[in-house]
Amino acid sequence: MTTHEFTLDDLRRILLEGAGADEGVDLEGDILDVQFEALGYESLALLETGSRIEREYAIVLDEDLLTDADTPRALITAVNEHLLAAPRAA
Amino acid sequence: MTTSVVVTGLGITAPTGLGTRDYWAATRAGKNGIGRVTRFDASSYPATLAGEVPGFAAEELLPSRMLPQTDRMTRLALVAAQWALDDAGVDPKELAEYDMGVVTASSSGGFEFGQNELQKLWSQGSQYVSAYQSFAWFYAVNSGQISISNGLKGPSGVIVSDEAGGLDALAQGRRLIRKGTRMIVSGGVDASICPWGWVAQLAAKRLTTSDEPARAFLPFDAEASGYVPGEGGAILIMESAESAHERGARVYGEVCGYGATFDAAPGSGREPGLRKAIEFALDDAGVRPEDVDVVFADAAGVPELDRVEAQALAEVFGERGVPVTAPKTMTGRLYSGAAPLDVATALLAIEEGLIPPTVNSRPADEYGIDLVTEHPRTADVRTALVAARGYGGFNSAVVVRAAD
């Protein structure tokens with residue numbers, strides 16, 4: 001079901017599957033520039049999220065990327081850069 | 001004068017009931033919670049019965065953030081801890097940061113979670129293993145998650161000594177309170193009814209292979225053939241009597257005595273340590289054997305171990321010298337959860353003046369114990385002793401008594 005672009009909806013789905021959602025946080029809201037920490041996701045949740053993105057999109061993300069990309073926008077941009085750089089084998 | 005440590009909150013998740021009220025109603029009535037294993041297909045294993053906690057809807061009781069990172073035992077423990085805090089009327093947010101710690105017992109760790117992740121490792125590869133495997137299987141995870149969820153930063157830890165650990169954890173909680181921590185969340189919850197947990201237990205050769213729920217776990221019965229494993233346990237809120245008094249808390253009773261011993265190596269010919277553990281607990285409590293109104297037995301359901309326990313009880317209390325009960329005949333043995341549940345049950349017995357029954361067992365005369373069977377027994381219960389043994393030689397005993 002993967003497409004070549006990684007969207008905010010994809011990220012929302014993967015976050016929910018891999019780590020759930022904090023009470024009091026509306027993932028459906030405008031979260032693009034909210035820090036993951038403020039959304040209730042600690043480093044392990046991001047590690048799990050990164051690993052799910054890697055599996056689903058058949059890419060390998062740098063470990064630094066997951067610590068550097070501290071908002072959904074930063075992570076989505078970085079993932080899309082990877083997808084463009086290394087088109088997935090069909 | 002040492003600080004008196006009391007129990008002011010109970011949270012119970014047991015095969016016979018979720019929540020103290022349901023559990024006690026079932027327990028005083030002698031309801032059986034043992035049945036065929038449903039959590040996995042056990043039909044090809046020698047043991048096929050378990051005490052499972054029915055109807056536990058974790059997704060309704062816990063935040064969704066907790067679900068991907070917790071084993072069943074941790075989910076049960078988190079809910080039990082919440083119920084215990086509610087019962088004690090404690091909101092940790094209103095306490096100073098370091099006023100409350102967590103000391104639970106563990107026997108297996110998160111086996112079901114661990115098994116799932118290991119299966120993914122073998123069958124799909126390392127990138128499929130959950131990041132939460134890093135801690136979700138771990139012995140200390142229940143203490144950790146209870147601590148994190150509730151913001152409890154006081155001294156914390158885990159005790160691993162199989163079933164005895166449930167009492168050892170309460171003793172450690174009492175120690176920490178005596179050293180100045182205001183409150184401790186203690187107790188234990190285990191749940192490893194999954195193939196990995198099952199084979200680990202089978203290896204000890206103490207599980208019954210009976211497939212009749214009413215004739216399977218029969219401690220002190222001539223037909224005892226091993227025990228039925230179960231899941232669940234109890235979380236207790238402990239605090240100094242002074243703290244309880246200050247906040248006007250309801251007090252279930254005092255944890256007034258504790259003793260623990262370790263058995264000599266098998267074949268040494270030396271007496272097993274259970275009797276000594278019981279005597280140490282009575283001495284520590286300053287209670288004479290004749291003051292004990294009921295004993296909650298370890299009740300192994302393994303003939304040699306039943307004999308050891310019956311002998312220890314006869315030596316301390318005299319033959320048929322004290323009412324003995326084993327409500328765990330309704331739930332199976334809950335590993336680290338068993339003894340905290342027995343302590344909770346003892347406190348409820350004190351409250352109601354009723355000794356809950358041992359079900360299914362018909363005590364053999366040779367044991368010389370006054371086992372409370374079939375029906376609960378009305379009694380003025382002021383002081384109760386709980387015994388617990390852990391695989392590998394652990395013996396522990398705790399004395400609880402009514403609050404004055």
# chains A, B, ... in the order shown; residues from 1 in each chain; ligands from 1

call {"tool": "closest_atom_pairs", "arguments": {"of": "chain B", "to": "chain A", "cutoff": "8 Å", "atoms": "only C-alpha atoms", "output": "CSV"}}
result
residue,atom,partner,partner_atom,distance
B:Pro63,CA,A:Glu23,CA,6.6
B:Ser64,CA,A:Gly20,CA,4.7
B:Arg65,CA,A:Gly20,CA,4.2
B:Met66,CA,A:Gly20,CA,7.2
B:Leu67,CA,A:Gly20,CA,7.1
B:Pro68,CA,A:Ala19,CA,5.6
B:Gln69,CA,A:Ala19,CA,7.3
B:Gln127,CA,A:Ser51,CA,6.4
B:Tyr128,CA,A:Arg55,CA,7.5
B:Ser130,CA,A:Glu48,CA,6.3
B:Ala131,CA,A:Glu48,CA,5.1
B:Tyr132,CA,A:Leu44,CA,7.1

call {"tool": "write_last_selection", "arguments": {"atoms": "C-alpha atoms", "output": "mmCIF file, in the first residue's frame"}}
result
data_model
loop_
_atom_site.group_PDB
_atom_site.id
_atom_site.type_symbol
_atom_site.label_atom_id
_atom_site.label_comp_id
_atom_site.auth_asym_id
_atom_site.auth_seq_id
_atom_site.Cartn_x
_atom_site.Cartn_y
_atom_site.Cartn_z
ATOM 1 C CA PRO B 63 -4.142 5.055 27.704
ATOM 2 C CA SER B 64 -3.371 3.997 24.125
ATOM 3 C CA ARG B 65 0.264 5.070 24.609
ATOM 4 C CA MET B 66 0.657 2.176 27.078
ATOM 5 C CA LEU B 67 -0.718 -0.598 24.888
ATOM 6 C CA PRO B 68 2.123 -1.037 22.358
ATOM 7 C CA GLN B 69 4.709 -1.048 25.136
ATOM 8 C CA GLN B 127 13.918 -4.743 12.116
ATOM 9 C CA TYR B 128 10.517 -6.223 13.011
ATOM 10 C CA SER B 130 9.476 -3.735 18.763
ATOM 11 C CA ALA B 131 11.682 -1.053 20.257
ATOM 12 C CA TYR B 132 9.711 -1.667 23.452
#

call {"tool": "residues_around", "arguments": {"residues": "segment 55-58 of chain B", "least_positions_apart": "5", "cutoff": "9 Å", "atoms": "only C-alpha atoms", "output": "PyMOL selection string"}}
result
chain B and resi 13+18+63+67+72+75-76+79

call {"tool": "write_last_selection", "arguments": {"atoms": "N, CA and C atoms", "output": "PDB file, in the first residue's frame"}}
result
ATOM      1  N   THR B  13      -6.523  -7.780  40.608  1.00  0.00           N
ATOM      2  CA  THR B  13      -6.883  -8.345  39.306  1.00  0.00           C
ATOM      3  C   THR B  13      -6.640  -9.846  39.421  1.00  0.00           C
ATOM      4  N   LEU B  18     -12.259  -8.904  39.044  1.00  0.00           N
ATOM      5  CA  LEU B  18     -11.528  -7.667  38.755  1.00  0.00           C
ATOM      6  C   LEU B  18     -12.056  -6.620  39.718  1.00  0.00           C
ATOM      7  N   PRO B  63      -4.373   4.153  28.835  1.00  0.00           N
ATOM      8  CA  PRO B  63      -4.142   5.055  27.704  1.00  0.00           C
ATOM      9  C   PRO B  63      -3.539   4.298  26.518  1.00  0.00           C
ATOM     10  N   LEU B  67      -0.428   0.720  25.447  1.00  0.00           N
ATOM     11  CA  LEU B  67      -0.718  -0.598  24.888  1.00  0.00           C
ATOM     12  C   LEU B  67       0.437  -1.186  24.072  1.00  0.00           C
ATOM     13  N   ARG B  72       0.896  -8.240  29.034  1.00  0.00           N
ATOM     14  CA  ARG B  72      -0.357  -8.379  29.787  1.00  0.00           C
ATOM     15  C   ARG B  72      -0.147  -8.175  31.292  1.00  0.00           C
ATOM     16  N   ARG B  75      -0.067  -4.537  32.072  1.00  0.00           N
ATOM     17  CA  ARG B  75      -1.403  -3.919  31.940  1.00  0.00           C
ATOM     18  C   ARG B  75      -2.237  -4.206  33.185  1.00  0.00           C
ATOM     19  N   LEU B  76      -2.207  -5.468  33.612  1.00  0.00           N
ATOM     20  CA  LEU B  76      -2.951  -5.828  34.822  1.00  0.00           C
ATOM     21  C   LEU B  76      -2.404  -5.060  36.024  1.00  0.00           C
ATOM     22  N   VAL B  79      -3.407  -1.301  36.028  1.00  0.00           N
ATOM     23  CA  VAL B  79      -4.806  -1.117  36.417  1.00  0.00           C
ATOM     24  C   VAL B  79      -4.967  -1.380  37.915  1.00  0.00           C
TER      25      VAL B  79
END

call {"tool": "residues_around", "arguments": {"residues": "Arg333 of chain B", "least_positions_apart": "4", "cutoff": "9 Å", "atoms": "only C-alpha atoms", "output": "JSON, numbers by chain"}}
result
{"B": [50, 51, 163, 227, 228, 229, 230, 231, 299, 300, 328, 329, 337, 338]}

call {"tool": "select_by_dssp", "arguments": {"residues": "chain A", "states": "alpha helix (DSSP H)", "output": "PyMOL selection string"}}
result
chain A and resi 8-19+43-57+63-68+72-85

call {"tool": "residues_around", "arguments": {"residues": "Val287 of chain B", "least_positions_apart": "6", "cutoff": "9 Å", "atoms": "only C-alpha atoms", "output": "number ranges by chain"}}
result
B: 257, 281, 383, 399

call {"tool": "residues_around", "arguments": {"residues": "Thr7 of chain A", "least_positions_apart": "4", "cutoff": "9 Å", "atoms": "only C-alpha atoms", "output": "number ranges by chain"}}
result
A: 11-12, 76, 80

call {"tool": "residues_around", "arguments": {"residues": "segment 315-323 of chain B", "least_positions_apart": "4", "cutoff": "7 Å", "atoms": "only C-alpha atoms", "output": "ChimeraX atom specification"}}
result
/B:289-290,293-295,311,368-372

call {"tool": "select_by_dssp", "arguments": {"residues": "segment 133-265 of chain B", "states": "strand (DSSP E)", "output": "number ranges by chain"}}
result
B: 157-159, 183-190, 232-240, 253-262

call {"tool": "residues_around", "arguments": {"residues": "Val103 of chain B", "least_positions_apart": "6", "cutoff": "6 Å", "atoms": "only C-alpha atoms", "output": "ChimeraX atom specification"}}
result
/B:156-158,169,186

call {"tool": "atom_distance", "arguments": {"atom1": "atom CA of Ile184 of chain B", "atom2": "atom CA of Asp283 of chain B"}}
result
23.9 Å

call {"tool": "closest_residue", "arguments": {"among": "B:Lys179, B:Pro266, B:Ala214, B:Gln133", "to": "Leu121 of chain B", "atoms": "only C-alpha atoms"}}
result
B:Gln133
